[in-house]
>>> print(open('work.pdb').read())   # PDB, C-alpha atoms, pLDDT in the B column
ATOM      1  CA  PHE Z   1    -122.462 -77.928  50.935  1.00 82.00           C
ATOM      2  CA  ASP Z   2    -120.820 -79.156  54.125  1.00 78.00           C
ATOM      3  CA  ILE Z   3    -119.818 -76.070  56.074  1.00 76.00           C
ATOM      4  CA  GLY Z   4    -118.707 -77.884  59.209  1.00 69.00           C
ATOM      5  CA  ASN Z   5    -115.148 -78.815  60.161  1.00 65.00           C
ATOM      6  CA  SER Z   6    -113.137 -79.596  63.253  1.00 64.00           C
ATOM      7  CA  THR Z   7    -110.721 -76.661  63.132  1.00 64.00           C
ATOM      8  CA  ALA Z   8    -111.045 -73.941  65.709  1.00 62.00           C
ATOM      9  CA  ASP Z   9    -110.785 -71.114  63.177  1.00 63.00           C
ATOM     10  CA  ASN Z  10    -113.528 -72.624  60.963  1.00 62.00           C
ATOM     11  CA  LEU Z  11    -111.765 -71.613  57.756  1.00 72.00           C
ATOM     12  CA  THR Z  12    -113.950 -71.596  54.655  1.00 75.00           C
ATOM     13  CA  GLY Z  13    -111.161 -73.420  52.870  1.00 76.00           C
ATOM     14  CA  ASN Z  14    -112.181 -76.504  54.829  1.00 76.00           C
ATOM     15  CA  TRP Z  15    -115.751 -76.391  53.547  1.00 80.00           C
ATOM     16  CA  THR Z  16    -116.771 -78.850  50.871  1.00 82.00           C
ATOM     17  CA  GLY Z  17    -119.476 -78.856  48.237  1.00 87.00           C
ATOM     18  CA  LYS Z  18    -120.535 -80.629  45.083  1.00 89.00           C
ATOM     19  CA  MET Z  19    -123.290 -80.701  42.485  1.00 93.00           C
ATOM     20  CA  ILE Z  20    -125.875 -83.449  42.944  1.00 94.00           C
ATOM     21  CA  PHE Z  21    -127.956 -83.068  39.777  1.00 96.00           C
ATOM     22  CA  ASN Z  22    -127.829 -81.175  36.481  1.00 94.00           C
ATOM     23  CA  SER Z  23    -131.125 -80.663  34.641  1.00 93.00           C
ATOM     24  CA  ASN Z  24    -129.560 -79.077  31.561  1.00 92.00           C
ATOM     25  CA  ALA Z  25    -128.013 -81.439  29.051  1.00 84.00           C
ATOM     26  CA  GLY Z  26    -127.128 -78.650  26.620  1.00 83.00           C
ATOM     27  CA  THR Z  27    -126.793 -74.882  26.420  1.00 81.00           C
ATOM     28  CA  SER Z  28    -130.223 -74.553  24.796  1.00 80.00           C
ATOM     29  CA  ASP Z  29    -132.046 -76.045  27.814  1.00 85.00           C
ATOM     30  CA  GLN Z  30    -131.534 -73.298  30.386  1.00 89.00           C
ATOM     31  CA  ARG Z  31    -133.949 -74.767  32.933  1.00 94.00           C
ATOM     32  CA  LYS Z  32    -133.775 -72.910  36.230  1.00 95.00           C
ATOM     33  CA  ILE Z  33    -134.571 -73.897  39.806  1.00 94.00           C
ATOM     34  CA  PHE Z  34    -135.828 -70.840  41.670  1.00 93.00           C
ATOM     35  CA  TYR Z  35    -137.274 -72.454  44.789  1.00 95.00           C
ATOM     36  CA  PRO Z  36    -135.939 -74.921  47.365  1.00 94.00           C
ATOM     37  CA  PRO Z  37    -136.975 -78.574  47.265  1.00 96.00           C
ATOM     38  CA  ASP Z  38    -139.031 -80.479  49.749  1.00 97.00           C
ATOM     39  CA  VAL Z  39    -137.050 -83.339  51.255  1.00 96.00           C
ATOM     40  CA  THR Z  40    -138.114 -86.767  52.481  1.00 95.00           C
ATOM     41  CA  LEU Z  41    -136.051 -89.314  54.392  1.00 93.00           C
ATOM     42  CA  GLU Z  42    -136.100 -92.737  52.729  1.00 93.00           C
ATOM     43  CA  LYS Z  43    -135.003 -96.111  54.097  1.00 88.00           C
ATOM     44  CA  ASP Z  44    -136.006 -98.553  51.351  1.00 84.00           C
ATOM     45  CA  SER Z  45    -132.427 -99.271  50.229  1.00 78.00           C
ATOM     46  CA  GLY Z  46    -130.276 -97.551  52.812  1.00 82.00           C
ATOM     47  CA  ASN Z  47    -130.793 -94.125  54.295  1.00 90.00           C
ATOM     48  CA  TYR Z  48    -130.998 -91.303  51.780  1.00 94.00           C
ATOM     49  CA  GLU Z  49    -133.002 -88.185  51.010  1.00 95.00           C
ATOM     50  CA  MET Z  50    -135.377 -87.647  48.110  1.00 97.00           C
ATOM     51  CA  LEU Z  51    -135.405 -84.096  46.745  1.00 97.00           C
ATOM     52  CA  LEU Z  52    -138.599 -82.881  45.073  1.00 98.00           C
ATOM     53  CA  PHE Z  53    -138.524 -79.684  43.013  1.00 98.00           C
ATOM     54  CA  GLY Z  54    -139.607 -78.125  39.744  1.00 98.00           C
ATOM     55  CA  THR Z  55    -138.000 -75.887  37.148  1.00 97.00           C
ATOM     56  CA  GLY Z  56    -139.198 -72.562  35.803  1.00 96.00           C
ATOM     57  CA  ASP Z  57    -137.823 -69.064  35.268  1.00 95.00           C
ATOM     58  CA  ARG Z  58    -139.625 -66.717  37.673  1.00 93.00           C
ATOM     59  CA  GLU Z  59    -137.901 -63.749  36.030  1.00 92.00           C
ATOM     60  CA  HIS Z  60    -139.544 -64.639  32.697  1.00 91.00           C
ATOM     61  CA  PRO Z  61    -142.962 -66.117  33.530  1.00 91.00           C
ATOM     62  CA  LYS Z  62    -144.230 -65.568  29.957  1.00 90.00           C
ATOM     63  CA  ALA Z  63    -141.416 -67.568  28.354  1.00 91.00           C
ATOM     64  CA  THR Z  64    -142.532 -70.565  26.323  1.00 91.00           C
ATOM     65  CA  THR Z  65    -139.157 -72.324  26.163  1.00 91.00           C
ATOM     66  CA  PRO Z  66    -137.540 -74.499  27.347  1.00 93.00           C
ATOM     67  CA  VAL Z  67    -139.837 -77.378  28.338  1.00 95.00           C
ATOM     68  CA  ASN Z  68    -139.690 -77.421  32.130  1.00 97.00           C
ATOM     69  CA  ARG Z  69    -139.812 -80.383  34.473  1.00 97.00           C
ATOM     70  CA  LEU Z  70    -141.092 -81.723  37.783  1.00 98.00           C
ATOM     71  CA  TYR Z  71    -138.404 -83.759  39.542  1.00 98.00           C
ATOM     72  CA  ALA Z  72    -137.939 -86.247  42.355  1.00 98.00           C
ATOM     73  CA  VAL Z  73    -134.232 -87.029  42.785  1.00 98.00           C
ATOM     74  CA  LYS Z  74    -132.715 -89.506  45.223  1.00 97.00           C
ATOM     75  CA  ASP Z  75    -129.725 -88.006  46.989  1.00 95.00           C
ATOM     76  CA  LYS Z  76    -127.537 -90.979  47.842  1.00 93.00           C
ATOM     77  CA  ASN Z  77    -124.396 -88.863  47.934  1.00 91.00           C
ATOM     78  CA  PRO Z  78    -123.535 -89.690  44.304  1.00 93.00           C
ATOM     79  CA  SER Z  79    -119.901 -89.746  43.272  1.00 92.00           C
ATOM     80  CA  THR Z  80    -120.741 -88.109  39.921  1.00 95.00           C
ATOM     81  CA  VAL Z  81    -123.311 -85.503  38.925  1.00 96.00           C
ATOM     82  CA  LEU Z  82    -126.698 -87.074  38.207  1.00 97.00           C
ATOM     83  CA  THR Z  83    -128.524 -86.239  34.971  1.00 96.00           C
ATOM     84  CA  GLU Z  84    -131.886 -87.174  33.497  1.00 96.00           C
ATOM     85  CA  ASN Z  85    -130.260 -90.371  32.206  1.00 96.00           C
ATOM     86  CA  ASP Z  86    -130.129 -91.485  35.848  1.00 97.00           C
ATOM     87  CA  LEU Z  87    -133.864 -90.888  36.322  1.00 98.00           C
ATOM     88  CA  VAL Z  88    -137.027 -92.495  34.957  1.00 98.00           C
ATOM     89  CA  ASP Z  89    -139.071 -90.429  32.503  1.00 98.00           C
ATOM     90  CA  VAL Z  90    -142.643 -90.937  33.755  1.00 98.00           C
ATOM     91  CA  THR Z  91    -144.184 -88.181  31.617  1.00 98.00           C
ATOM     92  CA  GLN Z  92    -146.574 -90.567  29.854  1.00 97.00           C
ATOM     93  CA  ASP Z  93    -147.708 -92.202  33.118  1.00 97.00           C
ATOM     94  CA  LEU Z  94    -147.565 -95.670  31.592  1.00 97.00           C
ATOM     95  CA  LEU Z  95    -148.037 -97.277  34.991  1.00 97.00           C
ATOM     96  CA  GLN Z  96    -151.635 -96.021  35.106  1.00 96.00           C
ATOM     97  CA  ASN Z  97    -152.398 -96.548  31.444  1.00 95.00           C
ATOM     98  CA  PRO Z  98    -154.709 -99.599  31.150  1.00 94.00           C
ATOM     99  CA  SER Z  99    -153.226-100.472  27.748  1.00 95.00           C
ATOM    100  CA  THR Z 100    -149.663-100.789  29.087  1.00 97.00           C
ATOM    101  CA  PRO Z 101    -148.612-104.466  29.182  1.00 97.00           C
ATOM    102  CA  LEU Z 102    -148.008-105.929  32.621  1.00 97.00           C
ATOM    103  CA  THR Z 103    -144.414-106.804  31.729  1.00 97.00           C
ATOM    104  CA  GLN Z 104    -143.730-103.170  30.844  1.00 97.00           C
ATOM    105  CA  LYS Z 105    -145.281-101.937  34.088  1.00 97.00           C
ATOM    106  CA  THR Z 106    -143.114-104.370  36.010  1.00 97.00           C
ATOM    107  CA  ALA Z 107    -140.016-103.076  34.213  1.00 97.00           C
ATOM    108  CA  ILE Z 108    -140.952 -99.461  35.022  1.00 97.00           C
ATOM    109  CA  LEU Z 109    -141.450-100.250  38.699  1.00 97.00           C
ATOM    110  CA  GLN Z 110    -138.064-101.966  38.764  1.00 97.00           C
ATOM    111  CA  SER Z 111    -136.438 -98.934  37.128  1.00 97.00           C
ATOM    112  CA  LEU Z 112    -138.044 -96.630  39.691  1.00 97.00           C
ATOM    113  CA  GLN Z 113    -136.558 -98.801  42.418  1.00 95.00           C
ATOM    114  CA  GLU Z 114    -133.091 -99.036  40.884  1.00 95.00           C
ATOM    115  CA  LYS Z 115    -132.649 -95.586  39.366  1.00 96.00           C
ATOM    116  CA  ASN Z 116    -132.203 -92.258  41.127  1.00 97.00           C
ATOM    117  CA  GLY Z 117    -135.687 -90.796  40.842  1.00 97.00           C
ATOM    118  CA  TRP Z 118    -138.166 -89.667  38.186  1.00 98.00           C
ATOM    119  CA  PHE Z 119    -139.200 -86.619  36.179  1.00 98.00           C
ATOM    120  CA  ILE Z 120    -142.216 -85.301  34.276  1.00 98.00           C
ATOM    121  CA  LYS Z 121    -141.914 -83.049  31.235  1.00 98.00           C
ATOM    122  CA  LEU Z 122    -144.364 -80.130  31.361  1.00 98.00           C
ATOM    123  CA  GLU Z 123    -145.028 -80.446  27.644  1.00 96.00           C
ATOM    124  CA  GLU Z 124    -148.831 -80.492  27.428  1.00 96.00           C
ATOM    125  CA  HIS Z 125    -149.302 -76.763  28.048  1.00 95.00           C
ATOM    126  CA  LEU Z 126    -147.101 -74.224  26.260  1.00 94.00           C
ATOM    127  CA  GLY Z 127    -144.756 -72.410  28.611  1.00 94.00           C
ATOM    128  CA  GLU Z 128    -145.868 -74.294  31.728  1.00 97.00           C
ATOM    129  CA  LYS Z 129    -143.414 -73.891  34.576  1.00 97.00           C
ATOM    130  CA  CYS Z 130    -143.113 -74.537  38.312  1.00 97.00           C
ATOM    131  CA  LEU Z 131    -142.809 -71.233  40.171  1.00 96.00           C
ATOM    132  CA  SER Z 132    -143.075 -72.318  43.803  1.00 96.00           C
ATOM    133  CA  ASN Z 133    -141.691 -74.867  46.218  1.00 96.00           C
ATOM    134  CA  PRO Z 134    -143.453 -78.267  46.382  1.00 97.00           C
ATOM    135  CA  VAL Z 135    -144.548 -80.026  49.549  1.00 97.00           C
ATOM    136  CA  VAL Z 136    -145.024 -83.702  50.408  1.00 97.00           C
ATOM    137  CA  PHE Z 137    -147.859 -84.699  52.737  1.00 95.00           C
ATOM    138  CA  TYR Z 138    -148.984 -88.282  53.419  1.00 94.00           C
ATOM    139  CA  GLY Z 139    -146.986 -89.549  50.459  1.00 95.00           C
ATOM    140  CA  VAL Z 140    -148.469 -87.033  48.014  1.00 97.00           C
ATOM    141  CA  ALA Z 141    -146.186 -84.485  46.339  1.00 98.00           C
ATOM    142  CA  TYR Z 142    -147.963 -81.222  45.565  1.00 98.00           C
ATOM    143  CA  TYR Z 143    -146.518 -78.959  42.865  1.00 98.00           C
ATOM    144  CA  THR Z 144    -148.119 -75.822  41.444  1.00 98.00           C
ATOM    145  CA  THR Z 145    -147.472 -74.554  37.915  1.00 97.00           C
ATOM    146  CA  PHE Z 146    -148.238 -71.565  35.712  1.00 96.00           C
ATOM    147  CA  ALA Z 147    -148.813 -71.504  31.962  1.00 95.00           C
ATOM    148  CA  PRO Z 148    -148.824 -68.002  30.398  1.00 92.00           C
ATOM    149  CA  THR Z 149    -151.533 -66.495  28.226  1.00 85.00           C
ATOM    150  CA  ASP Z 150    -150.665 -66.280  24.539  1.00 72.00           C
ATOM    151  CA  GLY Z 151    -149.011 -62.975  23.742  1.00 63.00           C
ATOM    152  CA  SER Z 152    -145.734 -61.243  23.146  1.00 56.00           C
ATOM    153  CA  GLU Z 153    -142.953 -62.315  25.488  1.00 57.00           C
ATOM    154  CA  THR Z 154    -141.150 -59.029  24.886  1.00 64.00           C
ATOM    155  CA  ASP Z 155    -144.106 -56.767  25.736  1.00 65.00           C
ATOM    156  CA  ILE Z 156    -143.588 -56.069  29.432  1.00 60.00           C
ATOM    157  CA  CYS Z 157    -146.987 -54.417  29.623  1.00 59.00           C
ATOM    158  CA  PHE Z 158    -148.780 -57.639  28.705  1.00 62.00           C
ATOM    159  CA  VAL Z 159    -148.772 -60.360  31.313  1.00 59.00           C
ATOM    160  CA  GLY Z 160    -152.159 -62.005  30.870  1.00 68.00           C
ATOM    161  CA  GLU Z 161    -153.912 -64.054  33.468  1.00 83.00           C
ATOM    162  CA  GLY Z 162    -152.454 -67.390  32.452  1.00 92.00           C
ATOM    163  CA  THR Z 163    -153.482 -70.732  33.933  1.00 95.00           C
ATOM    164  CA  ALA Z 164    -152.655 -72.015  37.398  1.00 96.00           C
ATOM    165  CA  ARG Z 165    -152.576 -75.742  38.140  1.00 97.00           C
ATOM    166  CA  VAL Z 166    -152.013 -77.976  41.136  1.00 98.00           C
ATOM    167  CA  TYR Z 167    -150.356 -81.374  40.652  1.00 98.00           C
ATOM    168  CA  ALA Z 168    -150.945 -84.146  43.206  1.00 98.00           C
ATOM    169  CA  LEU Z 169    -148.488 -87.001  42.595  1.00 98.00           C
ATOM    170  CA  GLN Z 170    -147.403 -90.151  44.371  1.00 98.00           C
ATOM    171  CA  TYR Z 171    -143.971 -88.959  45.411  1.00 97.00           C
ATOM    172  CA  LYS Z 172    -142.098 -92.194  44.640  1.00 96.00           C
ATOM    173  CA  THR Z 173    -143.559 -92.816  41.176  1.00 97.00           C
ATOM    174  CA  GLY Z 174    -145.142 -89.618  39.803  1.00 98.00           C
ATOM    175  CA  ASN Z 175    -148.493 -91.410  39.506  1.00 98.00           C
ATOM    176  CA  ALA Z 176    -151.741 -89.476  39.794  1.00 97.00           C
ATOM    177  CA  VAL Z 177    -153.329 -89.847  43.226  1.00 97.00           C
ATOM    178  CA  PHE Z 178    -156.842 -88.401  42.931  1.00 95.00           C
ATOM    179  CA  ASN Z 179    -159.538 -88.395  40.254  1.00 94.00           C
ATOM    180  CA  LEU Z 180    -158.999 -84.768  39.284  1.00 94.00           C
ATOM    181  CA  ASP Z 181    -160.208 -84.755  35.679  1.00 90.00           C
ATOM    182  CA  GLY Z 182    -163.866 -85.120  36.630  1.00 83.00           C
ATOM    183  CA  SER Z 183    -164.384 -88.388  34.757  1.00 83.00           C
ATOM    184  CA  LEU Z 184    -167.020 -90.769  36.073  1.00 77.00           C
ATOM    185  CA  ASP Z 185    -165.271 -93.989  35.087  1.00 77.00           C
ATOM    186  CA  GLY Z 186    -163.342 -94.120  38.343  1.00 79.00           C
ATOM    187  CA  ALA Z 187    -160.047 -94.740  36.554  1.00 88.00           C
ATOM    188  CA  ILE Z 188    -157.033 -92.686  37.586  1.00 94.00           C
ATOM    189  CA  THR Z 189    -154.722 -91.914  34.684  1.00 95.00           C
ATOM    190  CA  ARG Z 190    -152.358 -89.238  33.406  1.00 96.00           C
ATOM    191  CA  SER Z 191    -155.119 -86.629  33.055  1.00 95.00           C
ATOM    192  CA  ASP Z 192    -155.753 -86.879  36.811  1.00 96.00           C
ATOM    193  CA  ARG Z 193    -152.325 -85.616  37.745  1.00 97.00           C
ATOM    194  CA  SER Z 194    -153.356 -81.962  37.850  1.00 97.00           C
ATOM    195  CA  ILE Z 195    -156.321 -79.651  38.030  1.00 96.00           C
ATOM    196  CA  ILE Z 196    -156.812 -76.024  36.977  1.00 95.00           C
ATOM    197  CA  VAL Z 197    -157.349 -73.896  40.082  1.00 95.00           C
ATOM    198  CA  GLY Z 198    -157.566 -70.406  38.587  1.00 93.00           C
ATOM    199  CA  SER Z 199    -155.404 -67.806  36.938  1.00 91.00           C
ATOM    200  CA  ALA Z 200    -152.172 -65.918  37.673  1.00 91.00           C
ATOM    201  CA  ILE Z 201    -149.070 -67.427  39.273  1.00 93.00           C
ATOM    202  CA  PRO Z 202    -150.128 -69.670  42.168  1.00 95.00           C
ATOM    203  CA  SER Z 203    -148.380 -70.015  45.475  1.00 96.00           C
ATOM    204  CA  GLY Z 204    -147.095 -73.353  46.624  1.00 97.00           C
ATOM    205  CA  VAL Z 205    -149.408 -75.622  48.596  1.00 97.00           C
ATOM    206  CA  ILE Z 206    -149.449 -74.703  52.280  1.00 96.00           C
ATOM    207  CA  ILE Z 207    -150.417 -77.410  54.768  1.00 94.00           C
ATOM    208  CA  THR Z 208    -151.747 -76.195  58.099  1.00 93.00           C
ATOM    209  CA  PHE Z 209    -153.552 -77.750  61.055  1.00 89.00           C
ATOM    210  CA  ILE Z 210    -156.749 -76.354  62.495  1.00 88.00           C
ATOM    211  CA  GLY Z 211    -158.012 -78.106  65.601  1.00 85.00           C
ATOM    212  CA  GLY Z 212    -155.754 -81.044  64.817  1.00 83.00           C
ATOM    213  CA  THR Z 213    -157.148 -81.416  61.287  1.00 91.00           C
ATOM    214  CA  ALA Z 214    -154.951 -80.884  58.243  1.00 92.00           C
ATOM    215  CA  THR Z 215    -156.025 -78.436  55.539  1.00 94.00           C
ATOM    216  CA  GLY Z 216    -154.251 -77.358  52.365  1.00 96.00           C
ATOM    217  CA  TYR Z 217    -154.296 -73.923  50.746  1.00 97.00           C
ATOM    218  CA  VAL Z 218    -153.077 -72.422  47.481  1.00 97.00           C
ATOM    219  CA  GLY Z 219    -153.192 -68.693  46.837  1.00 96.00           C
ATOM    220  CA  VAL Z 220    -154.261 -68.061  43.247  1.00 93.00           C
ATOM    221  CA  GLY Z 221    -155.749 -65.199  41.223  1.00 87.00           C
ATOM    222  CA  GLY Z 222    -156.883 -63.185  44.221  1.00 81.00           C
ATOM    223  CA  GLY Z 223    -158.495 -66.206  45.875  1.00 92.00           C
ATOM    224  CA  VAL Z 224    -157.726 -69.449  47.682  1.00 95.00           C
ATOM    225  CA  HIS Z 225    -157.986 -73.042  46.471  1.00 95.00           C
ATOM    226  CA  LYS Z 226    -158.104 -76.027  48.818  1.00 95.00           C
ATOM    227  CA  PRO Z 227    -156.415 -79.047  47.207  1.00 96.00           C
ATOM    228  CA  LYS Z 228    -157.479 -82.599  48.002  1.00 95.00           C
ATOM    229  CA  LEU Z 229    -155.512 -84.290  50.778  1.00 95.00           C
ATOM    230  CA  PHE Z 230    -154.941 -88.026  51.102  1.00 93.00           C
ATOM    231  CA  SER Z 231    -155.574 -87.728  54.829  1.00 91.00           C
ATOM    232  CA  HIS Z 232    -156.616 -84.929  57.168  1.00 90.00           C
ATOM    233  CA  LYS Z 233    -155.031 -86.541  60.206  1.00 87.00           C
ATOM    234  CA  SER Z 234    -152.254 -84.808  62.055  1.00 80.00           C
ATOM    235  CA  ILE Z 235    -148.841 -86.432  61.720  1.00 66.00           C
ATOM    236  CA  VAL Z 236    -147.020 -83.811  63.796  1.00 59.00           C
ATOM    237  CA  PRO Z 237    -147.481 -82.760  67.433  1.00 59.00           C
ATOM    238  CA  VAL Z 238    -150.143 -80.071  67.699  1.00 59.00           C
ATOM    239  CA  THR Z 239    -150.109 -79.561  71.464  1.00 67.00           C
ATOM    240  CA  TRP Z 240    -147.423 -78.604  73.936  1.00 70.00           C
ATOM    241  CA  ARG Z 241    -146.901 -78.076  77.645  1.00 75.00           C
ATOM    242  CA  ILE Z 242    -144.390 -76.385  79.938  1.00 77.00           C
ATOM    243  CA  VAL Z 243    -143.084 -78.367  82.911  1.00 80.00           C
ATOM    244  CA  PHE Z 244    -141.754 -76.319  85.837  1.00 76.00           C
TER     245      PHE Z 244
END
>>> encode(input="work.pdb", output="structure tokens")
Amino acid sequence: FDIGNSTADNLTGNWTGKMIFNSNAGTSDQRKIFYPPDVTLEKDSGNYEMLLFGTGDREHPKATTPVNRLYAVKDKNPSTVLTENDLVDVTQDLLQNPSTPLTQKTAILQSLQEKNGWFIKLEEHLGEKCLSNPVVFYGVAYYTTFAPTDGSETDICFVGEGTARVYALQYKTGNAVFNLDGSLDGAITRSDRSIIVGSAIPSGVIITFIGGTATGYVGVGGGVHKPKLFSHKSIVPVTWRIVF
């Protein structure tokens, strides 16, 4: 929405607004965005913003449909509403699969450059959904998700602990960043995208600076998890002074 105009009375009739992206191709999808995106400023092909967000119905955390998504959408002020057809489906993480032919990887990288972002289907864990706002730090996009415990969706007295996960993704491609699956082979593949951090609905990742050193926190199941960070260096001013 653009709520600015040059008229003195600032009439709302002069405001403008439009839809950038629609996640729901049909009436059966019903994917909801409950939390604001994180936004990065990009300059690789003209100035634009990349919007990173996830879908999930906070009002129905036990729901097992629809299949939710993690998104990174380029906002280049599109003339028409973007859909998933304008994005690259990176759910399978073919870029990090050693069996993917080099020609196919090259084609995927070209699509990521030319298209308007990427998305990941949260299809591996029944009912998994993003119920917090993501954050990007040092090129890593952190999303948290919740997958409910098996049980009746209509029984309001049964919530179950569920499973909380943290995703750490390269924000331009959706690739895994860290070796999170505990394997000793050193390879980073699709299974390294996320890690279980506890139970209950997790908070988003909070980045803070202590003594000039970055630290991440996630509130989960009555405790705190510290996700891996690509760097602990400060990239924002952490000191100030007053000049009289």
>>> closest_residue(input="work.pdb", among="Z:Glu59, Z:Asp185, Z:Tyr171, Z:Val166", to="Tyr217 of chain Z", atoms="only C-alpha atoms")
Z:Val166
>>> atom_distance(input="work.pdb", atom1="atom CA of Lys76 of chain Z", atom2="atom CA of Tyr48 of chain Z")
5.3 Å
>>> closest_residue(input="work.pdb", among="Z:Ser194, Z:Ser199, Z:Thr64, Z:Ser231", to="Thr163 of chain Z", atoms="all atoms listed in the file")
Z:Ser199
>>> atom_distance(input="work.pdb", atom1="atom CA of Gln30 of chain Z", atom2="atom CA of Ala63 of chain Z")
11.6 Å
>>> closest_residue(input="work.pdb", among="Z:Leu11, Z:Asn22, Z:Gly223, Z:Gly204", to="Pro134 of chain Z", atoms="only C-alpha atoms")
Z:Gly204
>>> resolve_selection(input="work.pdb", expression="the PyMOL selection byres ((chain Z and resi 19) around 10)", output="PyMOL selection string")
chain Z and resi 1+17-18+20-22+77-82
>>> resolve_selection(input="work.pdb", expression="the PyMOL selection byres ((chain Z and resi 31-36) around 9)", output="list in words")
Ser23, Asn24, Ser28, Asp29, Gln30, Pro37, Asp38, Leu52, Phe53, Gly54, Thr55, Gly56, Asp57, Arg58, Thr65, Pro66, Val67, Asn68, Arg69, Cys130, Leu131, Ser132, Asn133 and Pro134 of chain Z
>>> closest_atom_pairs(input="work.pdb", of="segment 14-91 of chain Z", to="segment 108-123 of chain Z", cutoff="6 Å", atoms="only C-alpha atoms", output="Markdown table")
| residue | atom | partner | partner_atom | distance |
| --- | --- | --- | --- | --- |
| Z:Asn68 | CA | Z:Leu122 | CA | 5.5 |
| Z:Arg69 | CA | Z:Lys121 | CA | 4.7 |
| Z:Leu70 | CA | Z:Ile120 | CA | 5.1 |
| Z:Tyr71 | CA | Z:Phe119 | CA | 4.5 |
| Z:Ala72 | CA | Z:Gly117 | CA | 5.3 |
| Z:Val73 | CA | Z:Gly117 | CA | 4.5 |
| Z:Lys74 | CA | Z:Asn116 | CA | 5.0 |
| Z:Asp86 | CA | Z:Asn116 | CA | 5.7 |
| Z:Leu87 | CA | Z:Trp118 | CA | 4.8 |
| Z:Val88 | CA | Z:Trp118 | CA | 4.4 |
| Z:Asp89 | CA | Z:Phe119 | CA | 5.3 |
| Z:Val90 | CA | Z:Ile120 | CA | 5.7 |
| Z:Thr91 | CA | Z:Ile120 | CA | 4.4 |
>>> closest_residue(input="work.pdb", among="Z:Ala147, Z:Leu169, Z:Leu184, Z:Ile196", to="Glu124 of chain Z", atoms="only C-alpha atoms")
Z:Ala147
>>> atom_distance(input="work.pdb", atom1="atom CA of Gly182 of chain Z", atom2="atom CA of Thr106 of chain Z")
28.3 Å
>>> resolve_selection(input="work.pdb", expression="the PyMOL selection byres ((chain Z and resi 208) around 12)", output="NGL selection string")
:Z and (135 or 137 or 205-207 or 209-218 or 226 or 229 or 232-236 or 238)
>>> closest_residue(input="work.pdb", among="Z:Pro202, Z:Gly219, Z:Gly13, Z:Gly174", to="Gln96 of chain Z", atoms="all atoms listed in the file")
Z:Gly174
>>> closest_residue(input="work.pdb", among="Z:Val243, Z:Leu41, Z:Leu126, Z:Val140", to="Thr173 of chain Z", atoms="only C-alpha atoms")
Z:Val140
>>> decode(input="work.pdb", residues="segment 125-129 of chain Z", atoms="all heavy atoms", output="PDB file, in the first residue's frame")
ATOM      1  N   HIS Z 125       6.475 -33.613   6.793  1.00  0.00           N
ATOM      2  CA  HIS Z 125       5.933 -33.826   8.136  1.00  0.00           C
ATOM      3  C   HIS Z 125       4.478 -33.351   8.154  1.00  0.00           C
ATOM      4  O   HIS Z 125       4.197 -32.180   7.882  1.00  0.00           O
ATOM      5  CB  HIS Z 125       6.753 -33.068   9.171  1.00  0.00           C
ATOM      6  CG  HIS Z 125       8.235 -33.249   8.997  1.00  0.00           C
ATOM      7  ND1 HIS Z 125       8.877 -34.427   9.280  1.00  0.00           N
ATOM      8  CD2 HIS Z 125       9.185 -32.390   8.531  1.00  0.00           C
ATOM      9  CE1 HIS Z 125      10.167 -34.294   9.018  1.00  0.00           C
ATOM     10  NE2 HIS Z 125      10.381 -33.075   8.552  1.00  0.00           N
ATOM     11  N   LEU Z 126       3.570 -34.259   8.457  1.00  0.00           N
ATOM     12  CA  LEU Z 126       2.138 -33.987   8.366  1.00  0.00           C
ATOM     13  C   LEU Z 126       1.751 -32.774   9.212  1.00  0.00           C
ATOM     14  O   LEU Z 126       2.042 -32.708  10.404  1.00  0.00           O
ATOM     15  CB  LEU Z 126       1.350 -35.208   8.835  1.00  0.00           C
ATOM     16  CG  LEU Z 126      -0.166 -35.140   8.657  1.00  0.00           C
ATOM     17  CD1 LEU Z 126      -0.528 -35.076   7.177  1.00  0.00           C
ATOM     18  CD2 LEU Z 126      -0.837 -36.339   9.327  1.00  0.00           C
ATOM     19  N   GLY Z 127       1.094 -31.824   8.557  1.00  0.00           N
ATOM     20  CA  GLY Z 127       0.584 -30.655   9.261  1.00  0.00           C
ATOM     21  C   GLY Z 127       1.620 -29.608   9.591  1.00  0.00           C
ATOM     22  O   GLY Z 127       1.323 -28.649  10.314  1.00  0.00           O
ATOM     23  N   GLU Z 128       2.833 -29.726   9.050  1.00  0.00           N
ATOM     24  CA  GLU Z 128       3.883 -28.757   9.376  1.00  0.00           C
ATOM     25  C   GLU Z 128       3.507 -27.383   8.837  1.00  0.00           C
ATOM     26  O   GLU Z 128       3.033 -27.247   7.711  1.00  0.00           O
ATOM     27  CB  GLU Z 128       5.220 -29.201   8.800  1.00  0.00           C
ATOM     28  CG  GLU Z 128       6.387 -28.325   9.236  1.00  0.00           C
ATOM     29  CD  GLU Z 128       7.735 -28.817   8.740  1.00  0.00           C
ATOM     30  OE1 GLU Z 128       7.750 -29.750   7.889  1.00  0.00           O
ATOM     31  OE2 GLU Z 128       8.763 -28.279   9.181  1.00  0.00           O
ATOM     32  N   LYS Z 129       3.761 -26.371   9.643  1.00  0.00           N
ATOM     33  CA  LYS Z 129       3.367 -25.013   9.270  1.00  0.00           C
ATOM     34  C   LYS Z 129       4.318 -23.999   9.911  1.00  0.00           C
ATOM     35  O   LYS Z 129       4.931 -24.269  10.947  1.00  0.00           O
ATOM     36  CB  LYS Z 129       1.920 -24.738   9.689  1.00  0.00           C
ATOM     37  CG  LYS Z 129       1.638 -25.059  11.149  1.00  0.00           C
ATOM     38  CD  LYS Z 129       0.153 -24.934  11.485  1.00  0.00           C
ATOM     39  CE  LYS Z 129      -0.698 -25.976  10.815  1.00  0.00           C
ATOM     40  NZ  LYS Z 129      -0.456 -27.357  11.349  1.00  0.00           N
TER      41      LYS Z 129
END
